[in-house]
$ cat run.cif   # mmCIF, C-alpha atoms
data_start
#
loop_
_atom_site.label_atom_id
_atom_site.label_comp_id
_atom_site.auth_asym_id
_atom_site.auth_seq_id
_atom_site.Cartn_x
_atom_site.Cartn_y
_atom_site.Cartn_z
CA MET L 1 0.00 0.00 0.00
CA ASN L 2 1.21 3.45 -0.69
CA LYS L 3 1.09 6.28 1.83
CA LEU L 4 -2.13 7.74 0.41
CA GLN L 5 -4.00 4.44 0.76
CA VAL L 6 -2.72 3.98 4.33
CA ILE L 7 -3.84 7.49 5.27
CA LEU L 8 -7.25 6.93 3.64
CA VAL L 9 -7.84 3.61 5.48
CA PHE L 10 -6.68 5.16 8.78
CA SER L 11 -9.04 8.14 8.25
CA ILE L 12 -12.02 5.90 7.55
CA LEU L 13 -11.34 3.75 10.63
CA THR L 14 -10.88 6.83 12.81
CA ALA L 15 -14.12 8.38 11.52
CA GLY L 16 -16.01 5.12 12.16
CA ILE L 17 -14.70 4.91 15.71
CA HIS L 18 -15.52 8.60 16.28
CA CYS L 19 -19.12 8.11 15.06
CA LYS L 20 -19.58 5.05 17.28
CA ASN L 21 -18.21 6.99 20.29
CA ALA L 22 -20.48 9.94 19.49
CA GLU L 23 -23.55 7.64 19.35
CA SER L 24 -22.70 5.94 22.64
CA SER L 25 -21.94 9.33 24.22
CA LYS L 26 -25.37 10.60 23.13
CA GLU L 27 -27.06 7.53 24.66
CA GLU L 28 -25.10 8.02 27.89
CA ASP L 29 -26.10 11.72 27.98
CA THR L 30 -29.79 10.80 27.71
CA ALA L 31 -29.43 8.19 30.44
CA ALA L 32 -27.50 10.65 32.63
CA LYS L 33 -30.16 13.38 32.41
CA GLN L 34 -31.84 13.83 35.77
CA PHE L 35 -35.07 15.78 35.34
CA TYR L 36 -37.04 16.85 38.39
CA PRO L 37 -39.53 14.04 39.23
CA ILE L 38 -42.81 15.96 39.10
CA ALA L 39 -44.98 12.84 39.50
CA GLY L 40 -43.25 11.88 42.75
CA TYR L 41 -43.53 15.41 44.08
CA ILE L 42 -47.24 15.73 43.24
CA GLU L 43 -47.89 12.30 44.78
CA SER L 44 -46.22 13.50 48.02
CA GLN L 45 -48.37 16.65 47.93
CA LEU L 46 -51.53 14.55 47.50
CA ASN L 47 -50.47 12.35 50.43
CA TYR L 48 -49.86 15.48 52.52
CA LEU L 49 -53.30 16.78 51.56
CA ASP L 50 -54.89 13.48 52.61
CA SER L 51 -53.20 13.75 56.01
CA VAL L 52 -54.42 17.25 56.96
CA PRO L 53 -57.94 18.28 57.97
CA LEU L 54 -58.33 20.88 55.22
CA ALA L 55 -61.14 21.19 52.70
CA ILE L 56 -60.35 21.86 49.05
CA ILE L 57 -62.36 24.78 47.73
CA HIS L 58 -62.94 24.61 43.97
CA TYR L 59 -63.54 27.86 42.07
CA THR L 60 -64.58 27.51 38.42
CA THR L 61 -64.68 30.62 36.24
CA VAL L 62 -66.23 30.49 32.77
CA ASN L 63 -66.94 33.69 30.82
CA ASN L 64 -66.37 35.84 33.91
CA SER L 65 -68.90 33.86 35.94
CA THR L 66 -67.52 32.01 38.99
CA ASP L 67 -68.97 29.00 40.75
CA THR L 68 -67.68 27.77 44.12
CA ALA L 69 -67.86 24.29 45.60
CA ILE L 70 -65.97 21.92 47.86
CA ILE L 71 -64.32 19.05 46.03
CA GLU L 72 -63.72 15.68 47.67
CA LYS L 73 -60.05 14.77 48.10
CA ASN L 74 -60.47 11.48 46.21
CA GLU L 75 -61.99 13.27 43.23
CA PHE L 76 -59.25 15.93 43.36
CA ARG L 77 -56.56 13.22 43.42
CA LYS L 78 -58.17 11.25 40.58
CA ASN L 79 -58.72 14.20 38.24
CA ILE L 80 -56.48 17.17 39.00
CA GLY L 81 -53.62 15.35 40.72
CA GLN L 82 -53.43 12.82 37.89
CA GLU L 83 -53.41 15.63 35.31
CA PHE L 84 -50.19 16.94 36.88
CA ILE L 85 -48.72 13.44 37.31
CA ARG L 86 -49.38 12.54 33.64
CA SER L 87 -47.49 15.73 32.66
CA ASP L 88 -44.23 14.47 34.19
CA ILE L 89 -41.44 14.32 31.58
CA SER L 90 -38.78 12.76 33.80
CA GLY L 91 -39.32 9.20 32.49
CA GLU L 92 -36.70 7.60 30.25
CA ASP L 93 -38.91 7.75 27.14
CA GLN L 94 -39.96 11.39 27.62
CA LYS L 95 -36.76 13.09 28.75
CA LYS L 96 -34.86 12.31 25.55
CA SER L 97 -37.21 14.73 23.75
CA TYR L 98 -36.65 17.65 26.15
CA ALA L 99 -33.82 19.98 27.11
CA GLU L 100 -33.25 21.40 30.57
CA THR L 101 -31.99 24.87 31.41
CA SER L 102 -31.47 26.17 34.91
CA PHE L 103 -30.53 29.42 36.55
CA ILE L 104 -30.32 30.96 39.99
CA ASP L 105 -32.00 34.27 40.76
CA ALA L 106 -30.14 35.45 43.85
CA THR L 107 -32.43 38.50 44.16
CA LEU L 108 -35.52 36.33 44.58
CA GLY L 109 -33.64 33.45 46.19
CA VAL L 110 -34.95 30.87 43.73
CA ILE L 111 -33.55 28.26 41.39
CA THR L 112 -35.50 27.81 38.16
CA LEU L 113 -35.47 24.54 36.24
CA SER L 114 -37.02 24.92 32.78
CA TYR L 115 -37.83 22.13 30.34
CA ALA L 116 -38.83 22.53 26.69
CA PRO L 117 -38.92 20.27 23.64
CA GLN L 118 -35.54 19.97 21.90
CA SER L 119 -37.18 20.28 18.49
CA ASN L 120 -40.39 21.54 16.96
CA ASP L 121 -42.00 18.14 17.56
CA HIS L 122 -45.70 19.07 17.61
CA ASP L 123 -46.66 15.59 18.82
CA LEU L 124 -45.31 16.35 22.31
CA SER L 125 -48.19 17.48 24.50
CA VAL L 126 -46.04 19.08 27.23
CA ARG L 127 -44.65 22.28 25.68
CA LYS L 128 -43.06 23.88 28.74
CA THR L 129 -42.33 23.08 32.37
CA ASP L 130 -40.88 25.48 34.95
CA ILE L 131 -40.04 24.46 38.49
CA LEU L 132 -39.11 27.11 41.06
CA LEU L 133 -37.09 25.87 44.02
CA THR L 134 -36.00 27.85 47.07
CA GLN L 135 -32.29 28.57 46.91
CA GLU L 136 -31.63 27.78 50.56
CA ASN L 137 -32.98 24.20 50.67
CA ALA L 138 -34.18 23.40 47.10
CA ALA L 139 -37.79 22.97 48.28
CA VAL L 140 -40.41 23.36 45.55
CA LYS L 141 -42.23 26.70 45.50
CA THR L 142 -44.19 26.26 42.27
CA ILE L 143 -44.53 23.98 39.28
CA TYR L 144 -45.84 25.46 36.04
CA ILE L 145 -46.76 23.29 33.04
CA GLU L 146 -48.08 24.21 29.61
CA LYS L 147 -49.50 21.47 27.44
CA ILE L 148 -51.47 21.17 24.22
CA ILE L 149 -54.11 18.47 23.79
CA LYS L 150 -55.57 17.78 20.36
CA ALA L 151 -58.87 15.92 20.08
CA GLY L 152 -60.44 15.77 16.65
CA ASN L 153 -60.76 19.33 15.36
CA SER L 154 -60.46 20.94 18.78
CA VAL L 155 -57.28 22.07 20.52
CA VAL L 156 -56.97 22.66 24.27
CA LEU L 157 -54.10 24.70 25.68
CA LYS L 158 -53.71 23.98 29.39
CA LYS L 159 -51.72 26.17 31.74
CA MET L 160 -51.28 24.45 35.08
CA LEU L 161 -49.75 25.90 38.25
CA TRP L 162 -49.09 24.07 41.53
CA ASN L 163 -48.27 26.20 44.61
CA ALA L 164 -46.56 23.97 47.17
CA ASN L 165 -48.79 23.08 50.14
CA LYS L 166 -51.35 25.75 49.22
CA SER L 167 -53.24 25.54 45.94
CA CYS L 168 -53.24 24.77 42.26
CA GLN L 169 -54.83 26.22 39.18
CA VAL L 170 -55.68 24.87 35.73
CA THR L 171 -56.59 27.30 32.96
CA SER L 172 -57.90 25.75 29.74
CA LEU L 173 -58.20 27.62 26.46
CA ILE L 174 -60.48 25.56 24.20
CA GLN L 175 -60.36 26.25 20.47
CA GLU L 176 -62.89 24.66 18.14
CA PRO L 177 -63.53 25.38 14.46
CA ASN L 178 -66.10 28.12 13.82
CA GLN L 179 -66.53 28.71 17.56
CA PRO L 180 -65.25 31.50 19.78
CA ASP L 181 -62.44 30.49 22.12
CA LYS L 182 -63.61 29.33 25.52
CA ILE L 183 -61.55 29.92 28.67
CA ILE L 184 -62.14 27.86 31.80
CA GLN L 185 -60.18 28.69 34.92
CA GLU L 186 -60.26 26.26 37.83
CA ARG L 187 -58.65 27.10 41.16
CA PHE L 188 -58.28 24.62 43.99
CA ILE L 189 -57.35 26.14 47.34
CA TRP L 190 -56.69 24.31 50.58
CA ASP L 191 -54.30 26.51 52.57
CA GLU L 192 -53.92 30.14 51.47
#
$ encode --input "run.cif" --output "structure tokens"
Amino acid sequence: MNKLQVILVFSILTAGIHCKNAESSKEEDTAAKQFYPIAGYIESQLNYLDSVPLAIIHYTTVNNSTDTAIIEKNEFRKNIGQEFIRSDISGEDQKKSYAETSFIDATLGVITLSYAPQSNDHDLSVRKTDILLTQENAAVKTIYIEKIIKAGNSVVLKKMLWNANKSCQVTSLIQEPNQPDKIIQERFIWDE
């Protein structure tokens, strides 16, 4: 073999090894990602709520008209709690589609963890997640989730906010063809 052939073979082998290392590095990066476990946190909040003698007051506002009721804890857990739990992106299958950014705001004393899709994949229902933690002990202050749900011709944009040990809110913007947008705001308060 002449020098040119040797260099060419060496280059091809090196490139092949580099590609294989890059693929395995990418797989290791996905496995190494540690997203905040929202489902576990919400489950602990629901368990806390079950253990305290507090009623959950449910405010529903539609077209500037508000209705108030008390919601049973089992119903709250089954419907609202599960809505937050299903929005957790920390599972192995979900987290490979999202990127995490974080920053510390020393003025407010909070750490913000933000998650967003890595691409313009419109099949992902969770479009944004922000978790605010206290800087001193990393306790959750709030969890904010935006998700889009498509059903037939209608689209629902949900904005969900969980205030640790106090309340949560779900605002739904419902868009249907040839219909005006409908906004439903539900607030659940147990300790404010």
$ closest_atom_pairs --input "run.cif" --of "range 126-179 of chain L" --to "range 45-57 of chain L" --cutoff "9 Å" --atoms "all atoms listed in the file" --output "Markdown table"
| residue | atom | partner | partner_atom | distance |
| --- | --- | --- | --- | --- |
| L:Ala164 | CA | L:Gln45 | CA | 7.6 |
| L:Asn165 | CA | L:Gln45 | CA | 6.8 |
| L:Ser167 | CA | L:Ile56 | CA | 8.6 |
$ atom_distance --input "run.cif" --atom1 "CA of Ser87 in chain L" --atom2 "CA of Ile38 in chain L"
8.0 Å
$ closest_residue --input "run.cif" --among "L:Lys141, L:His58, L:Lys78, L:Lys150" --to "Asp123 in chain L" --atoms "only C-alpha atoms"
L:Lys150
$ atom_distance --input "run.cif" --atom1 "CA of Ile149 in chain L" --atom2 "CA of Tyr98 in chain L"
17.6 Å
$ resolve_selection --input "run.cif" --expression "the PyMOL selection byres ((chain L and resi 102) around 12)" --output "PyMOL selection string"
chain L and resi 35-36+99-101+103-105+110-116+129-133
